[in-house]
$ cat final_38.cif   # mmCIF, N, CA, C and O atoms
data_run
loop_
_atom_site.label_atom_id
_atom_site.label_comp_id
_atom_site.auth_asym_id
_atom_site.auth_seq_id
_atom_site.Cartn_x
_atom_site.Cartn_y
_atom_site.Cartn_z
N MET A 904 -2.71 33.41 102.34
CA MET A 904 -2.79 34.82 102.03
C MET A 904 -3.38 34.99 100.63
O MET A 904 -3.05 34.23 99.72
N ILE A 905 -4.22 35.98 100.48
CA ILE A 905 -4.81 36.31 99.18
C ILE A 905 -4.21 37.62 98.68
O ILE A 905 -4.20 38.62 99.40
N VAL A 906 -3.71 37.62 97.45
CA VAL A 906 -3.14 38.81 96.82
C VAL A 906 -4.13 39.28 95.77
O VAL A 906 -4.52 38.51 94.88
N LYS A 907 -4.56 40.53 95.87
CA LYS A 907 -5.49 41.10 94.90
C LYS A 907 -4.69 41.64 93.71
O LYS A 907 -3.70 42.33 93.89
N LEU A 908 -5.13 41.28 92.51
CA LEU A 908 -4.49 41.76 91.30
C LEU A 908 -5.36 42.83 90.65
O LEU A 908 -6.57 42.67 90.55
N GLU A 909 -4.74 43.90 90.21
CA GLU A 909 -5.44 44.97 89.50
C GLU A 909 -5.12 44.83 88.02
O GLU A 909 -3.96 44.95 87.62
N LEU A 910 -6.14 44.53 87.22
CA LEU A 910 -5.95 44.22 85.82
C LEU A 910 -6.45 45.29 84.87
O LEU A 910 -6.12 45.27 83.70
N GLY A 911 -7.30 46.19 85.33
CA GLY A 911 -7.92 47.15 84.43
C GLY A 911 -8.95 46.50 83.53
O GLY A 911 -9.27 46.98 82.47
N GLY A 912 -9.47 45.38 83.95
CA GLY A 912 -10.45 44.61 83.19
C GLY A 912 -10.55 43.23 83.80
O GLY A 912 -10.32 43.06 84.99
N GLU A 913 -10.82 42.25 82.96
CA GLU A 913 -10.90 40.88 83.45
C GLU A 913 -10.15 39.94 82.52
O GLU A 913 -9.93 40.25 81.36
N VAL A 914 -9.73 38.83 83.06
CA VAL A 914 -9.12 37.78 82.26
C VAL A 914 -10.25 37.06 81.55
O VAL A 914 -11.20 36.61 82.19
N ARG A 915 -10.16 36.97 80.25
CA ARG A 915 -11.24 36.35 79.47
C ARG A 915 -10.82 35.01 78.89
O ARG A 915 -9.76 34.88 78.31
N TRP A 916 -11.67 34.04 79.11
CA TRP A 916 -11.52 32.72 78.52
C TRP A 916 -12.59 32.57 77.45
O TRP A 916 -13.76 32.90 77.68
N THR A 917 -12.23 32.08 76.29
CA THR A 917 -13.20 31.77 75.25
C THR A 917 -13.53 30.28 75.37
O THR A 917 -12.63 29.44 75.28
N ALA A 918 -14.78 29.98 75.64
CA ALA A 918 -15.21 28.60 75.88
C ALA A 918 -16.20 28.15 74.81
O ALA A 918 -17.01 28.95 74.33
N ARG A 919 -16.10 26.89 74.46
CA ARG A 919 -17.05 26.32 73.48
C ARG A 919 -17.16 24.82 73.73
O ARG A 919 -16.27 24.20 74.30
N GLU A 920 -18.26 24.27 73.29
CA GLU A 920 -18.45 22.83 73.37
C GLU A 920 -18.03 22.22 72.04
O GLU A 920 -18.46 22.66 70.97
N SER A 921 -17.18 21.21 72.10
CA SER A 921 -16.70 20.54 70.90
C SER A 921 -17.83 19.74 70.25
O SER A 921 -18.47 18.93 70.91
N ALA A 922 -18.06 19.97 68.98
CA ALA A 922 -19.09 19.23 68.26
C ALA A 922 -18.71 17.76 68.11
O ALA A 922 -19.57 16.89 68.11
N GLU A 923 -17.41 17.49 68.02
CA GLU A 923 -16.96 16.12 67.82
C GLU A 923 -17.05 15.28 69.09
O GLU A 923 -17.53 14.16 69.08
N SER A 924 -16.55 15.82 70.20
CA SER A 924 -16.44 15.02 71.43
C SER A 924 -17.50 15.36 72.48
O SER A 924 -17.71 14.59 73.40
N GLY A 925 -18.12 16.53 72.35
CA GLY A 925 -19.09 16.96 73.36
C GLY A 925 -18.42 17.53 74.61
O GLY A 925 -19.09 17.94 75.55
N ARG A 926 -17.09 17.53 74.64
CA ARG A 926 -16.35 18.09 75.78
C ARG A 926 -16.25 19.61 75.64
O ARG A 926 -16.37 20.15 74.55
N TRP A 927 -16.05 20.27 76.76
CA TRP A 927 -15.91 21.72 76.80
C TRP A 927 -14.43 22.09 76.72
O TRP A 927 -13.59 21.49 77.37
N ILE A 928 -14.15 23.10 75.92
CA ILE A 928 -12.78 23.58 75.69
C ILE A 928 -12.76 25.09 75.95
O ILE A 928 -13.67 25.81 75.52
N ALA A 929 -11.74 25.54 76.65
CA ALA A 929 -11.59 26.97 76.90
C ALA A 929 -10.15 27.37 76.67
O ALA A 929 -9.22 26.62 76.99
N GLU A 930 -9.97 28.57 76.12
CA GLU A 930 -8.64 29.11 75.87
C GLU A 930 -8.56 30.51 76.46
O GLU A 930 -9.49 31.29 76.35
N CYS A 931 -7.42 30.79 77.09
CA CYS A 931 -7.16 32.11 77.65
C CYS A 931 -5.90 32.66 77.00
O CYS A 931 -4.79 32.25 77.35
N GLU A 932 -6.08 33.54 76.04
CA GLU A 932 -4.96 34.07 75.29
C GLU A 932 -4.01 34.88 76.17
O GLU A 932 -2.79 34.75 76.04
N SER A 933 -4.53 35.68 77.09
CA SER A 933 -3.67 36.55 77.90
C SER A 933 -2.76 35.77 78.85
O SER A 933 -1.71 36.27 79.25
N LEU A 934 -3.15 34.54 79.21
CA LEU A 934 -2.33 33.71 80.10
C LEU A 934 -1.69 32.54 79.37
O LEU A 934 -0.95 31.76 79.96
N ASN A 935 -1.99 32.40 78.07
CA ASN A 935 -1.48 31.30 77.25
C ASN A 935 -1.84 29.94 77.86
O ASN A 935 -0.99 29.06 78.00
N LEU A 936 -3.11 29.79 78.25
CA LEU A 936 -3.60 28.56 78.85
C LEU A 936 -4.76 28.02 78.04
O LEU A 936 -5.52 28.78 77.44
N ALA A 937 -4.91 26.70 78.06
CA ALA A 937 -6.07 26.05 77.45
C ALA A 937 -6.48 24.89 78.35
O ALA A 937 -5.63 24.26 78.99
N MET A 938 -7.78 24.66 78.44
CA MET A 938 -8.32 23.60 79.30
C MET A 938 -9.39 22.85 78.54
O MET A 938 -10.04 23.40 77.66
N GLU A 939 -9.61 21.60 78.96
CA GLU A 939 -10.67 20.76 78.40
C GLU A 939 -11.31 19.99 79.55
O GLU A 939 -10.61 19.52 80.45
N ALA A 940 -12.64 19.86 79.51
CA ALA A 940 -13.36 19.17 80.59
C ALA A 940 -14.64 18.55 80.05
O ALA A 940 -15.11 18.89 78.96
N ASP A 941 -15.22 17.66 80.87
CA ASP A 941 -16.46 16.99 80.48
C ASP A 941 -17.69 17.88 80.60
O ASP A 941 -18.68 17.65 79.91
N SER A 942 -17.64 18.87 81.51
CA SER A 942 -18.80 19.75 81.71
C SER A 942 -18.33 21.19 81.86
O SER A 942 -17.15 21.45 82.14
N LEU A 943 -19.26 22.09 81.72
CA LEU A 943 -18.94 23.51 81.89
C LEU A 943 -18.55 23.80 83.34
O LEU A 943 -17.62 24.57 83.59
N ASP A 944 -19.22 23.17 84.30
CA ASP A 944 -18.85 23.36 85.71
C ASP A 944 -17.42 22.89 85.98
O ASP A 944 -16.65 23.56 86.66
N GLU A 945 -17.09 21.73 85.45
CA GLU A 945 -15.72 21.21 85.63
C GLU A 945 -14.71 22.13 84.96
O GLU A 945 -13.64 22.40 85.50
N LEU A 946 -15.04 22.64 83.78
CA LEU A 946 -14.17 23.56 83.05
C LEU A 946 -13.91 24.82 83.87
O LEU A 946 -12.78 25.31 83.94
N HIS A 947 -14.95 25.33 84.50
CA HIS A 947 -14.82 26.52 85.33
C HIS A 947 -13.83 26.27 86.47
O HIS A 947 -12.92 27.07 86.71
N GLY A 948 -13.98 25.17 87.16
CA GLY A 948 -13.08 24.83 88.26
C GLY A 948 -11.65 24.61 87.81
O GLY A 948 -10.70 25.08 88.45
N LEU A 949 -11.48 23.89 86.71
CA LEU A 949 -10.14 23.62 86.20
C LEU A 949 -9.45 24.90 85.72
O LEU A 949 -8.25 25.07 85.91
N SER A 950 -10.21 25.79 85.11
CA SER A 950 -9.64 27.05 84.63
C SER A 950 -9.15 27.89 85.80
O SER A 950 -8.04 28.43 85.77
N ASN A 951 -9.96 27.98 86.84
CA ASN A 951 -9.56 28.74 88.02
C ASN A 951 -8.31 28.12 88.65
O ASN A 951 -7.36 28.83 89.01
N GLU A 952 -8.30 26.80 88.77
CA GLU A 952 -7.15 26.11 89.36
C GLU A 952 -5.88 26.35 88.53
O GLU A 952 -4.81 26.59 89.08
N ALA A 953 -6.00 26.29 87.21
CA ALA A 953 -4.84 26.50 86.34
C ALA A 953 -4.29 27.91 86.49
O ALA A 953 -3.06 28.10 86.54
N MET A 954 -5.16 28.90 86.58
CA MET A 954 -4.69 30.28 86.76
C MET A 954 -3.99 30.44 88.10
O MET A 954 -2.93 31.07 88.18
N GLN A 955 -4.57 29.88 89.16
CA GLN A 955 -3.96 29.98 90.48
C GLN A 955 -2.58 29.30 90.49
O GLN A 955 -1.62 29.85 91.05
N LEU A 956 -2.47 28.12 89.89
CA LEU A 956 -1.19 27.41 89.85
C LEU A 956 -0.14 28.17 89.05
O LEU A 956 1.03 28.24 89.44
N LEU A 957 -0.55 28.74 87.92
CA LEU A 957 0.38 29.52 87.10
C LEU A 957 0.92 30.71 87.89
O LEU A 957 2.13 30.93 87.95
N LEU A 958 0.02 31.47 88.51
CA LEU A 958 0.45 32.65 89.26
C LEU A 958 1.28 32.28 90.48
O LEU A 958 2.27 32.96 90.79
N ASP A 959 0.92 31.21 91.15
CA ASP A 959 1.70 30.75 92.29
C ASP A 959 3.11 30.35 91.86
O ASP A 959 4.10 30.70 92.51
N ASP A 960 3.22 29.63 90.76
CA ASP A 960 4.52 29.22 90.25
C ASP A 960 5.37 30.43 89.88
O ASP A 960 6.56 30.49 90.21
N LEU A 961 4.77 31.40 89.20
CA LEU A 961 5.50 32.63 88.84
C LEU A 961 5.96 33.37 90.09
O LEU A 961 7.08 33.88 90.15
N TYR A 962 5.08 33.42 91.10
CA TYR A 962 5.43 34.09 92.36
C TYR A 962 6.63 33.40 93.01
O TYR A 962 7.61 34.04 93.40
N ARG A 963 6.56 32.09 93.14
CA ARG A 963 7.63 31.34 93.83
C ARG A 963 8.95 31.36 93.06
O ARG A 963 10.01 31.23 93.65
N ASP A 964 8.89 31.56 91.73
CA ASP A 964 10.10 31.66 90.93
C ASP A 964 10.61 33.10 90.83
O ASP A 964 11.60 33.36 90.15
N GLY A 965 9.90 34.05 91.48
CA GLY A 965 10.31 35.45 91.44
C GLY A 965 10.04 36.14 90.12
O GLY A 965 10.65 37.17 89.81
N GLU A 966 9.10 35.62 89.34
CA GLU A 966 8.81 36.15 88.01
C GLU A 966 7.43 36.79 87.89
O GLU A 966 7.06 37.27 86.83
N LEU A 967 6.66 36.81 88.97
CA LEU A 967 5.28 37.29 88.90
C LEU A 967 5.19 38.77 88.55
O LEU A 967 4.41 39.16 87.69
N GLU A 968 5.98 39.59 89.22
CA GLU A 968 5.88 41.03 88.96
C GLU A 968 6.20 41.36 87.51
O GLU A 968 5.52 42.18 86.89
N GLU A 969 7.21 40.71 86.94
CA GLU A 969 7.56 40.94 85.53
C GLU A 969 6.43 40.47 84.61
O GLU A 969 6.08 41.13 83.64
N PHE A 970 5.83 39.32 84.92
CA PHE A 970 4.72 38.77 84.16
C PHE A 970 3.53 39.74 84.17
O PHE A 970 2.94 40.02 83.13
N LEU A 971 3.19 40.24 85.36
CA LEU A 971 2.08 41.18 85.48
C LEU A 971 2.36 42.47 84.74
O LEU A 971 1.51 43.00 84.01
N GLU A 972 3.56 43.01 84.92
CA GLU A 972 3.94 44.27 84.30
C GLU A 972 3.88 44.19 82.78
O GLU A 972 3.45 45.14 82.10
N ALA A 973 4.29 43.06 82.22
CA ALA A 973 4.27 42.88 80.76
C ALA A 973 2.86 42.97 80.20
O ALA A 973 2.67 43.26 79.02
N ARG A 974 1.85 42.73 81.03
CA ARG A 974 0.45 42.78 80.62
C ARG A 974 -0.26 44.05 81.07
O ARG A 974 -1.46 44.20 80.88
N GLY A 975 0.48 44.94 81.73
CA GLY A 975 -0.12 46.18 82.24
C GLY A 975 -0.92 45.93 83.51
O GLY A 975 -1.80 46.72 83.84
N TRP A 976 -0.66 44.85 84.22
CA TRP A 976 -1.35 44.49 85.45
C TRP A 976 -0.44 44.76 86.64
O TRP A 976 0.76 44.97 86.47
N ARG A 977 -0.99 44.72 87.84
CA ARG A 977 -0.15 44.86 89.03
C ARG A 977 -0.80 44.17 90.21
O ARG A 977 -2.02 43.95 90.23
N ALA A 978 0.03 43.81 91.17
CA ALA A 978 -0.44 43.17 92.40
C ALA A 978 -0.53 44.22 93.49
O ALA A 978 0.35 45.07 93.62
N LEU A 979 -1.61 44.17 94.27
CA LEU A 979 -1.76 45.04 95.42
C LEU A 979 -1.34 44.25 96.65
O LEU A 979 -1.74 43.10 96.82
N ASP A 980 -0.53 44.85 97.51
CA ASP A 980 -0.11 44.21 98.77
C ASP A 980 0.59 42.88 98.55
O ASP A 980 0.27 41.89 99.19
N MET A 981 1.56 42.85 97.65
CA MET A 981 2.32 41.63 97.40
C MET A 981 3.23 41.36 98.59
O MET A 981 3.97 42.23 99.02
N PRO A 982 3.16 40.15 99.15
CA PRO A 982 4.07 39.82 100.26
C PRO A 982 5.51 39.73 99.75
O PRO A 982 5.74 39.41 98.59
N ASN A 983 6.45 40.01 100.63
CA ASN A 983 7.87 39.95 100.25
C ASN A 983 8.28 38.55 99.86
O ASN A 983 8.86 38.34 98.82
N ARG A 984 8.00 37.58 100.70
CA ARG A 984 8.39 36.22 100.41
C ARG A 984 7.57 35.25 101.22
O ARG A 984 7.44 35.38 102.42
N LEU A 985 7.03 34.28 100.57
CA LEU A 985 6.34 33.18 101.25
C LEU A 985 7.07 31.90 100.87
O LEU A 985 7.27 31.64 99.70
N GLU A 986 7.44 31.14 101.84
CA GLU A 986 8.13 29.89 101.54
C GLU A 986 7.14 28.75 101.34
O GLU A 986 6.95 28.28 100.25
N ASP A 987 6.51 28.31 102.40
CA ASP A 987 5.61 27.17 102.31
C ASP A 987 4.15 27.54 102.50
O ASP A 987 3.28 26.68 102.41
N ASP A 988 3.87 28.79 102.78
CA ASP A 988 2.49 29.21 103.00
C ASP A 988 1.70 29.20 101.70
O ASP A 988 2.24 29.39 100.62
N GLU A 989 0.41 28.98 101.86
CA GLU A 989 -0.49 29.04 100.71
C GLU A 989 -0.67 30.49 100.28
O GLU A 989 -0.78 31.38 101.10
N ILE A 990 -0.73 30.70 98.99
CA ILE A 990 -1.01 32.02 98.44
C ILE A 990 -2.08 31.84 97.37
O ILE A 990 -2.08 30.85 96.63
N GLY A 991 -3.01 32.75 97.34
CA GLY A 991 -4.07 32.73 96.33
C GLY A 991 -4.13 34.10 95.68
O GLY A 991 -3.60 35.08 96.20
N PHE A 992 -4.80 34.18 94.55
CA PHE A 992 -4.88 35.42 93.81
C PHE A 992 -6.33 35.73 93.51
O PHE A 992 -7.09 34.87 93.09
N ASP A 993 -6.71 36.98 93.74
CA ASP A 993 -8.07 37.45 93.53
C ASP A 993 -8.05 38.43 92.36
O ASP A 993 -7.37 39.46 92.44
N PHE A 994 -8.77 38.10 91.31
CA PHE A 994 -8.84 38.96 90.13
C PHE A 994 -10.08 38.59 89.33
O PHE A 994 -10.57 37.46 89.42
N PRO A 995 -10.59 39.52 88.56
CA PRO A 995 -11.80 39.22 87.78
C PRO A 995 -11.48 38.39 86.53
O PRO A 995 -10.51 38.66 85.83
N TRP A 996 -12.29 37.36 86.32
CA TRP A 996 -12.17 36.57 85.10
C TRP A 996 -13.53 36.01 84.74
O TRP A 996 -14.42 35.94 85.57
N ASN A 997 -13.68 35.64 83.47
CA ASN A 997 -14.97 35.19 83.00
C ASN A 997 -14.81 34.37 81.72
O ASN A 997 -13.82 34.50 81.02
N PHE A 998 -15.80 33.55 81.44
CA PHE A 998 -15.89 32.87 80.16
C PHE A 998 -16.69 33.74 79.18
O PHE A 998 -17.65 34.39 79.58
N THR A 999 -16.30 33.69 77.92
CA THR A 999 -17.15 34.21 76.85
C THR A 999 -17.42 33.03 75.92
O THR A 999 -16.61 32.10 75.84
N PHE A 1000 -18.56 33.09 75.26
CA PHE A 1000 -18.97 31.99 74.38
C PHE A 1000 -19.26 32.57 73.00
O PHE A 1000 -20.19 33.35 72.84
N PRO A 1001 -18.46 32.20 71.99
CA PRO A 1001 -18.73 32.69 70.64
C PRO A 1001 -20.09 32.20 70.15
O PRO A 1001 -20.44 31.05 70.37
N LYS A 1002 -20.83 33.08 69.55
CA LYS A 1002 -22.10 32.67 68.94
C LYS A 1002 -21.81 32.09 67.57
O LYS A 1002 -20.93 32.56 66.85
N ALA A 1003 -22.55 31.09 67.20
CA ALA A 1003 -22.36 30.46 65.90
C ALA A 1003 -22.75 31.40 64.79
O ALA A 1003 -23.80 32.04 64.86
N GLY A 1004 -21.90 31.51 63.79
CA GLY A 1004 -22.28 32.20 62.57
C GLY A 1004 -21.91 33.66 62.48
O GLY A 1004 -21.36 34.07 61.48
N ASP A 1005 -22.15 34.49 63.51
CA ASP A 1005 -21.95 35.92 63.31
C ASP A 1005 -20.67 36.46 63.94
O ASP A 1005 -20.38 37.65 63.84
N GLY A 1006 -19.86 35.62 64.57
CA GLY A 1006 -18.58 36.04 65.13
C GLY A 1006 -18.67 36.84 66.42
O GLY A 1006 -17.66 37.23 66.97
N SER A 1007 -19.88 37.10 66.91
CA SER A 1007 -20.02 37.84 68.16
C SER A 1007 -19.89 36.87 69.35
O SER A 1007 -19.84 35.67 69.18
N GLU A 1008 -19.81 37.45 70.54
CA GLU A 1008 -19.65 36.64 71.74
C GLU A 1008 -20.73 36.96 72.74
O GLU A 1008 -21.31 38.04 72.73
N ARG A 1009 -20.99 36.02 73.65
CA ARG A 1009 -21.84 36.31 74.80
C ARG A 1009 -21.05 35.92 76.03
O ARG A 1009 -20.20 35.03 75.99
N ARG A 1010 -21.28 36.61 77.11
CA ARG A 1010 -20.55 36.37 78.36
C ARG A 1010 -21.33 35.43 79.26
O ARG A 1010 -22.55 35.37 79.20
N ALA A 1011 -20.57 34.73 80.11
CA ALA A 1011 -21.21 33.87 81.11
C ALA A 1011 -21.91 34.75 82.11
O ALA A 1011 -21.41 35.79 82.48
N GLY A 1012 -23.06 34.30 82.58
CA GLY A 1012 -23.84 35.11 83.52
C GLY A 1012 -23.70 34.76 84.93
O GLY A 1012 -23.09 34.06 85.54
#
$ encode --input "final_38.cif" --output "structure tokens"
Amino acid sequence: MIVKLELGGEVRWTARESAESGRWIAECESLNLAMEADSLDELHGLSNEAMQLLLDDLYRDGELEEFLEARGWRALDMPNRLEDDEIGFDFPWNFTFPKAGDGSERRAG
């Protein structure tokens, strides 16, 4: 089952390539998550997986609605209870990439 989340915007990850290691690092302040990967494609997949696992865990612990409400978000058509069934979450999210020097950002296309 897929649960659609209404956020009033999108979940934003700030992504950058580490000058020291060449690995990609992304941070999501609104979800308190951080990821690291060898490539931008891998980072994208890992970030999505981490968000899905976080939301699934909150759902199964009965804490998802409180978590969403604290951020001004809500779930549309939330099932009452799923025991062993798969659940996924549909919501807008994106990477932003800080530009060097001027503090501005650009979004992933």
$ residues_around --input "final_38.cif" --residues "Gly975 of chain A" --least-positions-apart "4" --cutoff "9 Å" --atoms "only C-alpha atoms" --output "list in words"
Leu910, Gly911 and Leu971 of chain A
$ residues_around --input "final_38.cif" --residues "Glu952 of chain A" --least-positions-apart "5" --cutoff "12 Å" --atoms "only C-alpha atoms" --output "list of chain:residue names"
A:Leu936, A:Ala937, A:Met938, A:Glu945, A:Leu946, A:His947, A:Leu957, A:Leu958, A:Asp959, A:Gly991, A:Phe992
$ closest_atom_pairs --input "final_38.cif" --of "segment 918-977 of chain A" --to "segment 995-1004 of chain A" --cutoff "8 Å" --atoms "all atoms listed in the file" --output "Markdown table"
| residue | atom | partner | partner_atom | distance |
| --- | --- | --- | --- | --- |
| A:Ala918 | N | A:Thr999 | O | 2.8 |
| A:Arg919 | N | A:Thr999 | O | 5.4 |
| A:Glu920 | N | A:Pro1001 | O | 7.7 |
| A:Ile928 | O | A:Thr999 | O | 7.0 |
| A:Ala929 | CA | A:Thr999 | O | 7.3 |
| A:Glu930 | O | A:Asn997 | O | 7.1 |
| A:Cys931 | CA | A:Asn997 | O | 7.8 |
$ write_last_selection --input "final_38.cif" --atoms "N, CA, C and O atoms" --output "JSON list (two decimals), in the coordinates of the input"
[["chain", "number", "residue", "atom", "x", "y", "z"],
["A", 918, "ALA", "N", -14.78, 29.98, 75.64],
["A", 918, "ALA", "CA", -15.21, 28.60, 75.88],
["A", 918, "ALA", "C", -16.20, 28.15, 74.81],
["A", 918, "ALA", "O", -17.01, 28.95, 74.33],
["A", 919, "ARG", "N", -16.10, 26.89, 74.46],
["A", 919, "ARG", "CA", -17.05, 26.32, 73.48],
["A", 919, "ARG", "C", -17.16, 24.82, 73.73],
["A", 919, "ARG", "O", -16.27, 24.20, 74.30],
["A", 920, "GLU", "N", -18.26, 24.27, 73.29],
["A", 920, "GLU", "CA", -18.45, 22.83, 73.37],
["A", 920, "GLU", "C", -18.03, 22.22, 72.04],
["A", 920, "GLU", "O", -18.46, 22.66, 70.97],
["A", 928, "ILE", "N", -14.15, 23.10, 75.92],
["A", 928, "ILE", "CA", -12.78, 23.58, 75.69],
["A", 928, "ILE", "C", -12.76, 25.09, 75.95],
["A", 928, "ILE", "O", -13.67, 25.81, 75.52],
["A", 929, "ALA", "N", -11.74, 25.54, 76.65],
["A", 929, "ALA", "CA", -11.59, 26.97, 76.90],
["A", 929, "ALA", "C", -10.15, 27.37, 76.67],
["A", 929, "ALA", "O", -9.22, 26.62, 76.99],
["A", 930, "GLU", "N", -9.97, 28.57, 76.12],
["A", 930, "GLU", "CA", -8.64, 29.11, 75.87],
["A", 930, "GLU", "C", -8.56, 30.51, 76.46],
["A", 930, "GLU", "O", -9.49, 31.29, 76.35],
["A", 931, "CYS", "N", -7.42, 30.79, 77.09],
["A", 931, "CYS", "CA", -7.16, 32.11, 77.65],
["A", 931, "CYS", "C", -5.90, 32.66, 77.00],
["A", 931, "CYS", "O", -4.79, 32.25, 77.35]]
$ atom_distance --input "final_38.cif" --atom1 "atom CA of Leu961 of chain A" --atom2 "atom CA of Ala973 of chain A"
13.1 Å
$ atom_distance --input "final_38.cif" --atom1 "atom N of Glu913 of chain A" --atom2 "atom N of Asp944 of chain A"
20.9 Å
$ closest_residue --input "final_38.cif" --among "A:Met954, A:Arg926, A:Asn983, A:Arg963" --to "Asp941 of chain A" --atoms "all atoms listed in the file"
A:Arg926
$ atom_distance --input "final_38.cif" --atom1 "atom C of Leu943 of chain A" --atom2 "atom N of Tyr962 of chain A"
26.7 Å
$ closest_residue --input "final_38.cif" --among "A:Ala922, A:Trp927, A:Leu967, A:Lys907" --to "Glu939 of chain A" --atoms "all atoms listed in the file"
A:Trp927
$ select_by_dssp --input "final_38.cif" --residues "segment 966-997 of chain A" --states "strand (DSSP E)" --output "ChimeraX atom specification"
/A:977-979,991-993,996-997
$ residues_around --input "final_38.cif" --residues "Ile990 of chain A" --least-positions-apart "3" --cutoff "9 Å" --atoms "only C-alpha atoms" --output "PyMOL selection string"
chain A and resi 904-906+955+959+985
